[in-house]
$ cat work.cif   # mmCIF, C-alpha atoms
data_start
#
loop_
_atom_site.label_atom_id
_atom_site.label_comp_id
_atom_site.auth_asym_id
_atom_site.auth_seq_id
_atom_site.Cartn_x
_atom_site.Cartn_y
_atom_site.Cartn_z
CA MET A 1295 -12.65 -20.04 -10.73
CA GLU A 1296 -9.33 -18.32 -11.30
CA PHE A 1297 -7.99 -16.88 -14.56
CA ARG A 1298 -4.36 -15.93 -15.11
CA LEU A 1299 -3.55 -13.65 -18.03
CA LEU A 1300 -0.30 -12.05 -16.84
CA GLY A 1301 1.91 -14.63 -18.48
CA PRO A 1302 0.75 -17.83 -20.21
CA PHE A 1303 -3.05 -18.15 -20.18
CA GLU A 1304 -4.35 -20.37 -17.39
CA ALA A 1305 -7.77 -21.23 -16.03
CA ARG A 1306 -8.04 -23.05 -12.70
CA HIS A 1307 -10.88 -24.50 -10.69
CA ASP A 1308 -10.25 -25.63 -7.12
CA GLY A 1309 -6.53 -25.39 -7.84
CA GLU A 1310 -6.65 -27.67 -10.87
CA ARG A 1311 -5.98 -26.45 -14.41
CA VAL A 1312 -8.95 -26.41 -16.76
CA LEU A 1313 -8.72 -26.44 -20.55
CA LEU A 1314 -11.09 -23.85 -22.00
CA GLY A 1315 -11.23 -23.58 -25.77
CA SER A 1316 -9.70 -26.16 -28.05
CA ARG A 1317 -8.28 -23.49 -30.38
CA ARG A 1318 -5.87 -20.67 -29.66
CA GLN A 1319 -8.31 -18.09 -31.03
CA GLU A 1320 -11.04 -19.29 -28.68
CA ARG A 1321 -8.78 -18.67 -25.70
CA VAL A 1322 -7.82 -15.26 -27.10
CA LEU A 1323 -11.51 -14.39 -27.40
CA LEU A 1324 -12.08 -15.47 -23.79
CA ALA A 1325 -9.08 -13.43 -22.67
CA VAL A 1326 -10.44 -10.31 -24.40
CA LEU A 1327 -13.74 -10.70 -22.52
CA LEU A 1328 -11.86 -11.27 -19.25
CA LEU A 1329 -9.84 -8.10 -19.78
CA GLU A 1330 -13.10 -6.14 -19.97
CA PRO A 1331 -15.43 -7.96 -17.55
CA GLY A 1332 -19.05 -6.89 -17.77
CA ALA A 1333 -18.44 -4.72 -20.84
CA ALA A 1334 -19.80 -5.54 -24.26
CA VAL A 1335 -17.07 -6.24 -26.81
CA THR A 1336 -18.36 -5.83 -30.36
CA THR A 1337 -18.08 -8.62 -32.87
CA ASP A 1338 -16.19 -6.32 -35.23
CA ARG A 1339 -13.56 -5.64 -32.56
CA LEU A 1340 -13.21 -9.34 -31.81
CA ILE A 1341 -12.74 -10.06 -35.52
CA GLY A 1342 -10.10 -7.34 -35.79
CA LEU A 1343 -8.17 -8.76 -32.85
CA LEU A 1344 -8.44 -12.44 -33.80
CA TRP A 1345 -7.38 -11.98 -37.41
CA ASN A 1346 -5.24 -8.83 -37.13
CA GLY A 1347 -7.30 -6.85 -39.62
CA GLU A 1348 -7.33 -9.58 -42.30
CA PRO A 1349 -10.41 -11.70 -41.49
CA PRO A 1350 -11.76 -14.46 -43.72
CA ALA A 1351 -15.22 -14.15 -45.17
CA SER A 1352 -16.52 -16.54 -42.52
CA ALA A 1353 -15.09 -14.55 -39.58
CA ARG A 1354 -18.43 -13.48 -38.10
CA ALA A 1355 -19.81 -17.03 -38.18
CA THR A 1356 -16.56 -18.36 -36.74
CA VAL A 1357 -16.74 -15.93 -33.79
CA HIS A 1358 -20.30 -17.08 -33.16
CA THR A 1359 -19.07 -20.70 -33.16
CA TYR A 1360 -16.24 -19.87 -30.74
CA VAL A 1361 -18.68 -18.16 -28.38
CA GLY A 1362 -20.96 -21.17 -28.44
CA ARG A 1363 -18.10 -23.49 -27.50
CA LEU A 1364 -16.96 -21.18 -24.71
CA ARG A 1365 -20.49 -20.96 -23.32
CA ALA A 1366 -20.64 -24.74 -23.10
CA ALA A 1367 -17.19 -24.93 -21.49
CA LEU A 1368 -17.87 -22.18 -18.94
CA ARG A 1369 -21.40 -23.17 -17.95
CA PRO A 1370 -20.32 -25.83 -15.40
CA TYR A 1371 -18.34 -23.15 -13.54
CA GLY A 1372 -21.20 -20.68 -13.24
CA LEU A 1373 -19.96 -18.33 -15.96
CA ARG A 1374 -22.10 -16.99 -18.75
CA VAL A 1375 -21.26 -15.18 -21.99
CA ASP A 1376 -24.15 -12.85 -22.82
CA THR A 1377 -25.05 -11.47 -26.23
CA ARG A 1378 -25.37 -7.70 -26.07
CA HIS A 1379 -26.37 -5.79 -29.17
CA ASP A 1380 -23.68 -6.68 -31.72
CA GLY A 1381 -21.22 -8.13 -29.25
CA TYR A 1382 -20.61 -10.26 -26.18
CA ALA A 1383 -19.95 -9.71 -22.48
CA LEU A 1384 -18.70 -11.94 -19.67
CA ASP A 1385 -20.07 -11.12 -16.22
CA LEU A 1386 -17.93 -12.19 -13.29
CA ASP A 1387 -18.79 -12.47 -9.61
CA PRO A 1388 -15.63 -11.17 -7.89
CA ASP A 1389 -16.36 -13.37 -4.87
CA GLU A 1390 -16.33 -16.53 -6.98
CA HIS A 1391 -14.18 -15.73 -10.01
CA ALA A 1392 -10.75 -14.09 -9.85
CA VAL A 1393 -8.73 -12.54 -12.67
CA ASP A 1394 -5.11 -11.67 -12.00
CA VAL A 1395 -5.36 -8.51 -14.13
CA ARG A 1396 -8.15 -7.16 -11.93
CA GLU A 1397 -6.20 -8.04 -8.78
CA PHE A 1398 -3.13 -6.29 -10.18
CA LEU A 1399 -5.08 -3.11 -10.93
CA ASP A 1400 -6.70 -3.13 -7.47
CA LEU A 1401 -3.36 -3.53 -5.69
CA VAL A 1402 -1.69 -0.81 -7.75
CA GLY A 1403 -4.62 1.46 -6.94
CA GLN A 1404 -4.23 0.76 -3.22
CA ALA A 1405 -0.52 1.51 -3.42
CA ALA A 1406 -1.15 4.76 -5.27
CA VAL A 1407 -3.36 6.21 -2.50
CA ALA A 1408 -1.13 4.97 0.34
CA GLY A 1409 1.03 7.83 1.56
CA ASP A 1410 3.20 5.67 3.79
CA PRO A 1411 5.99 3.77 2.00
CA GLY A 1412 5.49 0.93 4.49
CA GLU A 1413 2.02 0.42 3.01
CA LYS A 1414 2.97 1.06 -0.60
CA VAL A 1415 5.71 -1.56 -0.85
CA PRO A 1416 3.64 -4.63 0.21
CA CYS A 1417 0.89 -3.65 -2.26
CA TYR A 1418 3.39 -3.28 -5.09
CA ASP A 1419 5.10 -6.54 -4.07
CA ARG A 1420 1.84 -8.47 -4.34
CA ALA A 1421 0.85 -6.74 -7.58
CA LEU A 1422 4.16 -7.36 -9.34
CA ALA A 1423 4.32 -10.97 -8.13
CA LEU A 1424 1.24 -11.67 -10.28
CA TRP A 1425 3.28 -11.18 -13.46
CA ARG A 1426 4.60 -14.54 -14.69
CA GLY A 1427 5.63 -13.16 -18.09
CA PRO A 1428 4.22 -10.95 -20.87
CA LEU A 1429 0.44 -10.67 -21.11
CA LEU A 1430 -0.97 -13.87 -22.70
CA ALA A 1431 2.55 -14.97 -23.50
CA ASP A 1432 1.47 -18.21 -25.20
CA LEU A 1433 -1.43 -16.80 -27.22
CA THR A 1434 -0.40 -13.46 -28.69
CA ASP A 1435 2.44 -11.85 -30.62
CA ASP A 1436 3.91 -8.47 -29.69
CA ALA A 1437 1.54 -6.52 -31.95
CA LEU A 1438 -1.63 -8.06 -30.51
CA ARG A 1439 -0.21 -7.85 -26.99
CA ASP A 1440 0.33 -4.12 -27.40
CA ARG A 1441 -3.25 -3.67 -28.58
CA LEU A 1442 -4.68 -5.68 -25.70
CA GLY A 1443 -2.43 -4.74 -22.84
CA GLY A 1444 -0.16 -1.83 -23.69
CA ARG A 1445 -1.58 0.08 -20.73
CA LEU A 1446 -0.97 -2.87 -18.41
CA ALA A 1447 2.66 -3.18 -19.51
CA GLU A 1448 3.26 0.52 -18.87
CA LEU A 1449 1.51 0.28 -15.49
CA ARG A 1450 3.82 -2.58 -14.52
CA LEU A 1451 6.87 -0.44 -15.27
CA THR A 1452 5.42 2.47 -13.31
CA ALA A 1453 4.75 0.13 -10.39
CA LEU A 1454 8.37 -1.06 -10.50
CA GLU A 1455 9.58 2.56 -10.36
CA GLN A 1456 7.24 3.62 -7.58
CA ARG A 1457 8.00 0.54 -5.48
CA ALA A 1458 11.71 1.23 -5.83
CA GLU A 1459 11.23 4.87 -4.83
CA ALA A 1460 9.25 3.80 -1.75
CA GLN A 1461 11.98 1.29 -0.86
CA LEU A 1462 14.58 4.05 -1.10
CA THR A 1463 12.52 6.17 1.28
CA MET A 1464 12.50 3.26 3.73
CA GLY A 1465 16.26 2.82 3.41
CA LEU A 1466 15.95 -0.57 1.64
CA HIS A 1467 18.77 0.17 -0.78
CA ASP A 1468 20.03 -3.40 -1.08
CA ARG A 1469 16.55 -4.62 -1.89
CA VAL A 1470 16.20 -2.01 -4.64
CA LEU A 1471 19.35 -3.35 -6.26
CA ALA A 1472 18.26 -6.97 -5.84
CA ASP A 1473 14.86 -6.25 -7.42
CA LEU A 1474 16.01 -4.09 -10.31
CA THR A 1475 19.38 -5.48 -11.38
CA PRO A 1476 17.80 -8.48 -13.21
CA LEU A 1477 15.75 -5.96 -15.24
CA ALA A 1478 18.77 -3.96 -16.38
CA ASP A 1479 19.01 -5.67 -19.76
CA GLU A 1480 15.24 -5.67 -20.29
CA LEU A 1481 14.78 -1.94 -19.59
CA PRO A 1482 18.08 -0.14 -20.27
CA ALA A 1483 16.38 3.10 -21.34
CA ARG A 1484 13.86 3.40 -18.51
CA GLU A 1485 15.34 6.47 -16.85
CA GLY A 1486 13.19 6.28 -13.74
CA LEU A 1487 14.51 2.81 -12.93
CA VAL A 1488 18.06 3.87 -13.76
CA ALA A 1489 17.73 6.79 -11.34
CA VAL A 1490 16.63 4.68 -8.38
CA ARG A 1491 19.36 2.13 -9.11
CA MET A 1492 21.98 4.87 -9.20
CA THR A 1493 20.69 6.31 -5.93
CA ALA A 1494 20.69 2.89 -4.26
CA MET A 1495 24.24 2.21 -5.47
CA TYR A 1496 25.43 5.53 -4.11
CA ARG A 1497 23.84 4.94 -0.70
CA VAL A 1498 25.53 1.55 -0.29
CA GLY A 1499 28.94 3.02 -1.12
CA ARG A 1500 29.12 2.11 -4.81
CA GLN A 1501 29.58 5.63 -6.23
CA ALA A 1502 31.80 4.52 -9.12
CA GLU A 1503 29.24 1.89 -10.23
CA ALA A 1504 26.46 4.49 -10.10
CA LEU A 1505 28.45 6.80 -12.37
CA ALA A 1506 29.27 3.91 -14.72
CA LEU A 1507 25.57 3.02 -14.94
CA TYR A 1508 24.82 6.59 -15.98
CA GLU A 1509 27.45 6.42 -18.74
CA ARG A 1510 26.03 3.14 -20.06
CA THR A 1511 22.54 4.62 -20.07
CA ARG A 1512 23.72 7.79 -21.80
CA ALA A 1513 25.47 5.76 -24.51
CA HIS A 1514 22.44 3.52 -25.03
CA LEU A 1515 20.06 6.46 -25.37
CA ALA A 1516 22.39 8.14 -27.87
CA ASP A 1517 23.01 5.02 -29.97
CA GLU A 1518 19.50 3.58 -30.01
CA LEU A 1519 17.28 6.65 -29.78
CA GLY A 1520 19.51 9.58 -30.64
CA ILE A 1521 18.64 11.45 -27.44
CA ALA A 1522 20.41 12.54 -24.25
CA PRO A 1523 19.36 11.66 -20.69
CA GLY A 1524 16.59 13.79 -19.28
CA PRO A 1525 17.25 16.64 -16.83
CA ALA A 1526 16.28 14.59 -13.76
CA LEU A 1527 18.83 11.87 -14.51
CA GLY A 1528 21.45 14.43 -15.46
CA THR A 1529 20.96 16.31 -12.19
CA LEU A 1530 21.26 13.08 -10.21
CA HIS A 1531 24.51 12.28 -12.04
CA ASP A 1532 25.93 15.67 -11.09
CA ARG A 1533 24.93 15.25 -7.45
CA ILE A 1534 26.53 11.80 -7.27
CA LEU A 1535 29.65 13.15 -8.94
CA ARG A 1536 29.87 15.87 -6.27
CA ALA A 1537 28.98 13.42 -3.45
CA ASP A 1538 26.08 15.68 -2.46
CA PRO A 1539 25.42 14.85 1.24
CA ARG A 1540 21.67 15.22 0.66
CA LEU A 1541 21.79 11.94 -1.26
CA ASP A 1542 23.10 9.99 1.71
CA ARG A 1543 19.71 9.18 3.19
CA PRO A 1544 16.05 9.69 2.43
CA PRO A 1545 14.30 12.74 3.87
CA ALA A 1546 12.46 12.33 7.16
CA PRO A 1547 8.66 12.22 7.05
CA LEU A 1548 6.86 15.44 7.89
CA TYR A 1549 5.85 15.99 11.52
CA ALA A 1550 8.00 13.05 12.66
CA VAL A 1551 10.43 12.11 15.39
CA ARG A 1552 12.88 9.23 15.13
CA VAL A 1553 12.70 6.73 18.01
CA GLY A 1554 15.07 3.81 17.59
CA GLU A 1555 14.38 2.52 14.09
CA GLU A 1556 10.84 3.91 13.96
CA TRP A 1557 9.37 7.17 12.76
CA LEU A 1558 6.65 8.41 15.12
CA PRO A 1559 4.44 11.51 14.87
CA TRP A 1560 5.29 14.58 16.86
CA SER A 1561 3.77 14.84 20.33
CA THR A 1562 1.27 17.68 19.93
CA SER A 1563 -1.74 16.92 22.10
CA GLY A 1564 -0.62 16.89 25.72
CA HIS A 1565 -2.18 13.52 26.58
CA PRO A 1566 -1.33 9.86 25.72
CA ALA A 1567 -4.89 8.98 24.70
CA LEU A 1568 -4.93 11.84 22.22
CA GLU A 1569 -1.47 10.97 20.97
CA PHE A 1570 -2.72 7.48 20.22
CA CYS A 1571 -5.44 8.97 18.02
CA ASN A 1572 -2.76 11.14 16.43
CA THR A 1573 -0.95 8.08 15.07
CA TYR A 1574 -3.49 8.50 12.29
CA ALA A 1575 -3.60 11.67 10.18
CA GLY A 1576 -6.41 12.45 7.81
CA TRP A 1577 -9.40 11.68 10.02
CA HIS A 1578 -11.46 14.17 8.04
CA HIS A 1579 -11.04 12.24 4.79
CA THR A 1580 -13.94 10.11 3.56
CA PRO A 1581 -12.87 7.47 2.85
CA ARG A 1582 -9.83 7.71 5.04
CA VAL A 1583 -6.44 7.85 3.43
CA PRO A 1584 -4.52 4.58 4.08
CA GLY A 1585 -1.14 6.27 3.83
CA SER A 1586 -1.88 8.48 6.83
CA ASP A 1587 -1.40 5.64 9.31
CA TRP A 1588 1.81 5.81 11.37
CA LEU A 1589 1.27 2.40 12.98
CA ARG A 1590 2.71 0.37 10.12
CA THR A 1591 3.78 -2.65 12.17
CA TYR A 1592 3.33 -4.00 15.67
CA ARG A 1593 6.92 -3.00 16.40
CA THR A 1594 5.95 0.63 15.75
CA LEU A 1595 3.02 0.29 18.18
CA ALA A 1596 5.27 -1.12 20.91
CA VAL A 1597 7.94 1.57 20.40
CA TRP A 1598 5.22 4.23 20.49
CA ALA A 1599 3.96 2.91 23.84
CA GLY A 1600 7.46 3.18 25.27
CA HIS A 1601 7.95 6.65 23.80
CA LEU A 1602 4.76 7.86 25.54
CA ASP A 1603 5.87 6.23 28.81
CA LEU A 1604 2.97 3.79 28.73
CA ALA A 1605 5.41 0.89 29.00
CA ASP A 1606 8.94 0.49 30.35
CA GLN A 1607 11.68 0.01 27.78
CA GLY A 1608 12.32 -3.50 29.06
CA VAL A 1609 8.68 -4.35 28.43
CA VAL A 1610 8.89 -2.82 24.94
CA ALA A 1611 11.85 -5.07 24.12
CA GLN A 1612 9.88 -8.10 25.31
CA LEU A 1613 6.87 -7.11 23.19
CA VAL A 1614 9.00 -6.65 20.07
CA ASP A 1615 10.69 -10.01 20.62
CA ARG A 1616 7.36 -11.78 21.10
CA ALA A 1617 5.89 -10.10 18.03
CA GLU A 1618 8.78 -11.38 15.90
CA ARG A 1619 8.25 -14.91 17.19
CA ARG A 1620 4.46 -14.78 16.82
CA PRO A 1621 3.72 -12.62 13.76
CA ASP A 1622 0.09 -13.76 13.43
CA GLU A 1623 -0.64 -12.82 17.03
CA ALA A 1624 1.09 -9.48 16.51
CA GLU A 1625 -1.01 -8.74 13.42
CA ARG A 1626 -4.20 -9.44 15.38
CA ALA A 1627 -3.08 -7.22 18.24
CA LEU A 1628 -2.20 -4.40 15.84
CA ALA A 1629 -5.55 -4.69 14.04
CA GLU A 1630 -7.40 -4.62 17.38
CA ALA A 1631 -5.43 -1.54 18.46
CA LYS A 1632 -6.30 0.27 15.23
CA GLU A 1633 -9.98 -0.58 15.61
CA PHE A 1634 -9.89 0.67 19.21
CA ARG A 1635 -8.23 3.87 17.98
CA THR A 1636 -11.17 4.53 15.64
CA ARG A 1637 -13.67 4.06 18.48
CA LEU A 1638 -11.60 6.20 20.84
CA TYR A 1639 -11.43 9.03 18.30
CA ALA A 1640 -15.21 8.91 17.89
CA CYS A 1641 -15.70 8.88 21.65
CA LEU A 1642 -13.42 11.87 22.22
CA THR A 1643 -14.82 13.98 19.38
CA ASP A 1644 -18.49 13.18 20.01
CA PRO A 1645 -19.48 12.95 23.70
CA GLY A 1646 -22.88 11.67 22.63
CA ASP A 1647 -21.52 8.59 20.83
CA ALA A 1648 -22.67 5.95 23.30
CA ARG A 1649 -21.49 2.99 21.21
CA ALA A 1650 -17.95 4.35 20.97
CA PHE A 1651 -17.92 5.10 24.71
CA ALA A 1652 -19.04 1.52 25.45
CA VAL A 1653 -16.08 0.12 23.50
CA VAL A 1654 -13.61 2.40 25.28
CA ALA A 1655 -15.14 1.66 28.68
CA SER A 1656 -15.01 -2.09 28.09
CA ALA A 1657 -11.32 -1.92 27.15
CA ALA A 1658 -10.59 0.26 30.19
CA ARG A 1659 -12.30 -2.22 32.53
CA GLU A 1660 -10.29 -5.08 31.07
CA ALA A 1661 -7.08 -3.08 31.45
CA ALA A 1662 -7.89 -2.16 35.05
CA ARG A 1663 -8.04 -5.82 36.03
CA GLY A 1664 -4.39 -6.26 35.03
CA ALA A 1665 -3.00 -3.00 36.43
CA VAL A 1666 -0.74 -2.68 39.47
CA LEU A 1667 0.31 0.46 41.36
CA THR A 1668 4.10 0.86 41.45
CA LEU A 1669 6.40 3.40 43.09
CA ALA A 1670 8.77 5.17 40.71
CA PRO A 1671 12.26 6.49 41.66
CA ASP A 1672 10.87 10.04 41.66
CA GLY A 1673 8.61 9.12 44.57
CA LEU A 1674 5.39 9.17 42.54
CA ALA A 1675 3.14 6.18 42.10
CA HIS A 1676 2.22 4.95 38.62
CA TRP A 1677 -0.25 2.44 37.29
CA ARG A 1678 1.51 -0.19 35.22
CA LEU A 1679 0.22 -3.23 33.38
CA THR A 1680 1.70 -6.64 34.05
CA PRO A 1681 3.23 -8.69 31.21
CA ALA A 1682 0.15 -10.93 31.42
CA ALA A 1683 -1.52 -8.50 28.98
CA GLY A 1684 0.76 -9.90 26.28
CA LEU A 1685 0.85 -8.11 22.95
CA ARG A 1686 -2.34 -6.24 23.87
CA LEU A 1687 -0.43 -4.28 26.51
CA PRO A 1688 -0.18 -1.03 24.43
CA LEU A 1689 -3.93 -1.13 23.81
CA HIS A 1690 -4.69 -1.69 27.51
CA ALA A 1691 -2.32 1.08 28.55
CA THR A 1692 -3.99 3.47 26.13
CA ALA A 1693 -7.44 2.45 27.35
CA ARG A 1694 -6.42 3.26 30.94
CA ALA A 1695 -5.12 6.66 29.87
CA ALA A 1696 -8.35 7.28 27.94
CA ALA A 1697 -10.45 6.41 30.98
CA ASP A 1698 -8.48 8.91 33.08
CA LEU A 1699 -9.05 11.62 30.47
CA LEU A 1700 -12.77 10.91 30.21
CA THR A 1701 -13.14 11.47 33.97
CA ASP A 1702 -11.16 14.72 33.85
CA PRO A 1703 -12.74 18.16 33.12
CA ARG A 1704 -9.98 18.64 30.54
CA ARG A 1705 -12.02 16.27 28.42
CA PHE A 1706 -14.16 19.29 27.42
CA THR A 1707 -11.12 21.18 26.06
CA ILE A 1708 -10.33 18.61 23.36
CA ARG A 1709 -10.10 20.13 19.89
CA SER A 1710 -9.73 18.55 16.47
CA CYS A 1711 -7.33 20.15 13.99
CA PRO A 1712 -9.50 21.41 11.07
CA SER A 1713 -6.83 20.79 8.43
CA ASP A 1714 -8.28 18.44 5.79
CA ASP A 1715 -5.31 16.09 5.87
CA CYS A 1716 -4.87 16.11 9.65
CA GLY A 1717 -7.68 15.93 12.21
CA TRP A 1718 -5.25 15.39 15.10
CA LEU A 1719 -6.60 15.98 18.61
CA PHE A 1720 -5.14 18.34 21.20
CA LEU A 1721 -6.07 20.01 24.51
CA ASP A 1722 -6.85 23.73 24.49
CA SER A 1723 -7.66 25.17 27.89
CA THR A 1724 -7.52 28.72 26.47
CA GLY A 1725 -10.24 28.14 23.90
CA ARG A 1726 -8.22 30.14 21.37
CA ARG A 1727 -5.93 27.56 19.79
CA ARG A 1728 -7.27 26.30 16.45
CA TRP A 1729 -4.55 24.17 14.88
CA CYS A 1730 -2.73 21.15 16.31
CA SER A 1731 0.55 22.91 15.47
CA LEU A 1732 0.64 26.59 14.63
CA SER A 1733 3.89 26.14 12.69
CA THR A 1734 2.64 23.39 10.42
CA CYS A 1735 -1.07 22.82 9.87
CA GLY A 1736 -2.00 26.46 10.33
CA ALA A 1737 0.93 27.87 8.38
CA THR A 1738 -0.60 27.76 4.91
CA ARG A 1739 -3.88 29.19 6.19
CA LYS A 1740 -2.13 32.25 7.62
CA LEU A 1741 -0.45 33.22 4.33
#
$ encode --input "work.cif" --output "structure tokens"
Amino acid sequence: MEFRLLGPFEARHDGERVLLGSRRQERVLLAVLLLEPGAAVTTDRLIGLLWNGEPPASARATVHTYVGRLRAALRPYGLRVDTRHDGYALDLDPDEHAVDVREFLDLVGQAAVAGDPGEKVPCYDRALALWRGPLLADLTDDALRDRLGGRLAELRLTALEQRAEAQLTMGLHDRVLADLTPLADELPAREGLVAVRMTAMYRVGRQAEALALYERTRAHLADELGIAPGPALGTLHDRILRADPRLDRPPAPLYAVRVGEEWLPWSTSGHPALEFCNTYAGWHHTPRVPGSDWLRTYRTLAVWAGHLDLADQGVVAQLVDRAERRPDEAERALAEAKEFRTRLYACLTDPGDARAFAVVASAAREAARGAVLTLAPDGLAHWRLTPAAGLRLPLHATARAAADLLTDPRRFTIRSCPSDDCGWLFLDSTGRRRWCSLSTCGATRKL
């Protein structure tokens, strides 16, 4: 069963709307329990919410009646309202019963821990798309809505700001303006949203409009609230006024190199198989940090393979074109490559991990069946994979490189960077190098 609270109240079963509660207050009571699934909500609190602090003498008996009706209405759908002490609780099985509020909170949480803007934005997109209007728009007034969901409303605004900031980092300036312009009248005093709109305007060549937006915001804050813009917005205004060149584009990610339209991690390891593992940073984290993944899309994987000379540029172009035409196939290939990366990392860091070695060996055998030996213009021969590998070509090429490394004595010189947020692999024949990059990961430790 599915419950929708972010907007008009809805309950659906198998896609069909279900009427739960014949009275508005019954649906409000159900919504309160849904907002706090599994937690006991006292009868006194329910009375205070349902009658806004002015309950009739029969309020307690009326709540009991409402609960009885809801129990009867919910029973056919496998839901139960339990009596706990002096209150009630609604237990939900997340596999069978969905609540849009819970989904929104989960997605915002995922976005918050994602360090990569390419992962943040889709999470925020899905979270914000759940909002169909104010919380319980058809059941509550503004006062009750603030009591029930003031935190949710603020979290929505924060999500809007953080999504826009991530979009700016990705260079999606037009999308920032498209997403936020309709909210201009609704949130004229939200300085964080004003700031990202001004930045987006400036980056698409609309400097005068950005400055005009600041003046409108300044006037609104003065007239309605009697305050001036905060220092962050004021500083941004000054920088736009001076056409500060630092505003022209977002800063590059740390430890990155630009290849075409993709940001890739620096080459630090000295071997393609290790570089493949190094497309993930933060291996030492438990659980791993989602934002540390450089392979955001299949296109990034294909460009990376070309950058490491595992595939010719013509082949990379073919892979990118095929991925655009077959997005589902590309997603599967990317997911398989990431899973292989995890096994490869385990194999290279723990020689005794037989299960990880078996996965790597199996992939290498499959890659070997599709490899051909070609003569390069420099007179050296190279193993290359035929296009028959399809979108799995980068994975196969990496597996071949990994097999070569595992048969090479250099395999015993592999080191893992000890930095907590890194874990990148590199070769160290001297036995003295500790960090993957002495100028970055080790810098703070030397101070």
$ residues_near_point --input "work.cif" --point "(-9.5, 10.8, 32.2)" --cutoff "12 Å" --atoms "all atoms listed in the file" --output "PyMOL selection string"
chain A and resi 1565-1568+1642+1654-1655+1658+1692-1706+1708
$ write_last_selection --input "work.cif" --atoms "C-alpha atoms" --output "short mmCIF file (atom, residue, chain, number, x, y, z; two decimals), in the frame of the given file"
data_model
loop_
_atom_site.label_atom_id
_atom_site.label_comp_id
_atom_site.auth_asym_id
_atom_site.auth_seq_id
_atom_site.Cartn_x
_atom_site.Cartn_y
_atom_site.Cartn_z
CA HIS A 1565 -2.18 13.52 26.58
CA PRO A 1566 -1.33 9.86 25.72
CA ALA A 1567 -4.89 8.98 24.70
CA LEU A 1568 -4.93 11.84 22.22
CA LEU A 1642 -13.42 11.87 22.22
CA VAL A 1654 -13.61 2.40 25.28
CA ALA A 1655 -15.14 1.66 28.68
CA ALA A 1658 -10.59 0.26 30.19
CA THR A 1692 -3.99 3.47 26.13
CA ALA A 1693 -7.44 2.45 27.35
CA ARG A 1694 -6.42 3.26 30.94
CA ALA A 1695 -5.12 6.66 29.87
CA ALA A 1696 -8.35 7.28 27.94
CA ALA A 1697 -10.45 6.41 30.98
CA ASP A 1698 -8.48 8.91 33.08
CA LEU A 1699 -9.05 11.62 30.47
CA LEU A 1700 -12.77 10.91 30.21
CA THR A 1701 -13.14 11.47 33.97
CA ASP A 1702 -11.16 14.72 33.85
CA PRO A 1703 -12.74 18.16 33.12
CA ARG A 1704 -9.98 18.64 30.54
CA ARG A 1705 -12.02 16.27 28.42
CA PHE A 1706 -14.16 19.29 27.42
CA ILE A 1708 -10.33 18.61 23.36
#
$ closest_residue --input "work.cif" --among "A:Asp1387, A:Asp1714, A:Glu1413, A:Asp1644" --to "Ala1460 of chain A" --atoms "only C-alpha atoms"
A:Glu1413
$ closest_residue --input "work.cif" --among "A:Arg1500, A:Arg1635, A:Arg1354, A:His1578" --to "Leu1595 of chain A" --atoms "only C-alpha atoms"
A:Arg1635
$ resolve_selection --input "work.cif" --expression "the PyMOL selection byres ((chain A and resi 1390) around 10)" --output "NGL selection string"
:A and (1295-1296 or 1371-1373 or 1386-1389 or 1391-1392)
$ write_last_selection --input "work.cif" --atoms "C-alpha atoms" --output "PDB file, in the coordinates of the input"
ATOM      1  CA  MET A1295     -12.650 -20.040 -10.730  1.00  0.00           C
ATOM      2  CA  GLU A1296      -9.330 -18.320 -11.300  1.00  0.00           C
ATOM      3  CA  TYR A1371     -18.340 -23.150 -13.540  1.00  0.00           C
ATOM      4  CA  GLY A1372     -21.200 -20.680 -13.240  1.00  0.00           C
ATOM      5  CA  LEU A1373     -19.960 -18.330 -15.960  1.00  0.00           C
ATOM      6  CA  LEU A1386     -17.930 -12.190 -13.290  1.00  0.00           C
ATOM      7  CA  ASP A1387     -18.790 -12.470  -9.610  1.00  0.00           C
ATOM      8  CA  PRO A1388     -15.630 -11.170  -7.890  1.00  0.00           C
ATOM      9  CA  ASP A1389     -16.360 -13.370  -4.870  1.00  0.00           C
ATOM     10  CA  HIS A1391     -14.180 -15.730 -10.010  1.00  0.00           C
ATOM     11  CA  ALA A1392     -10.750 -14.090  -9.850  1.00  0.00           C
TER      12      ALA A1392
END
$ residues_around --input "work.cif" --residues "Val1375 of chain A" --least-positions-apart "2" --cutoff "9 Å" --atoms "all atoms listed in the file" --output "list in words"
Leu1327, Val1361, Gly1362, Leu1364, Arg1365, Leu1368, Arg1369, Leu1373, Thr1377, Tyr1382, Ala1383, Leu1384 and Asp1385 of chain A
$ residues_around --input "work.cif" --residues "Gly1301 of chain A" --least-positions-apart "4" --cutoff "8 Å" --atoms "all atoms listed in the file" --output "list in words"
Trp1425, Arg1426, Gly1427, Pro1428, Leu1429, Leu1430, Ala1431 and Asp1432 of chain A
$ atom_distance --input "work.cif" --atom1 "atom CA of Arg1298 of chain A" --atom2 "atom CA of Asp1394 of chain A"
5.3 Å
$ residues_around --input "work.cif" --residues "Asp1419 of chain A" --least-positions-apart "4" --cutoff "10 Å" --atoms "only C-alpha atoms" --output "list in words"
Leu1401, Val1402, Ala1405, Lys1414, Val1415, Ala1423, Leu1424, Ala1453, Leu1454 and Arg1457 of chain A
$ residues_near_point --input "work.cif" --point "(-1.4, -5.2, -5.9)" --cutoff "7 Å" --atoms "all atoms listed in the file" --output "PyMOL selection string"
chain A and resi 1397-1402+1417-1422
$ resolve_selection --input "work.cif" --expression "the PyMOL selection byres ((chain A and resi 1472-1479) around 10)" --output "list in words"
Leu1454, Glu1455, Arg1457, Ala1458, His1467, Asp1468, Arg1469, Val1470, Leu1471, Glu1480, Leu1481, Pro1482, Ala1483, Arg1484, Leu1487, Val1488, Val1490, Arg1491 and Leu1507 of chain A
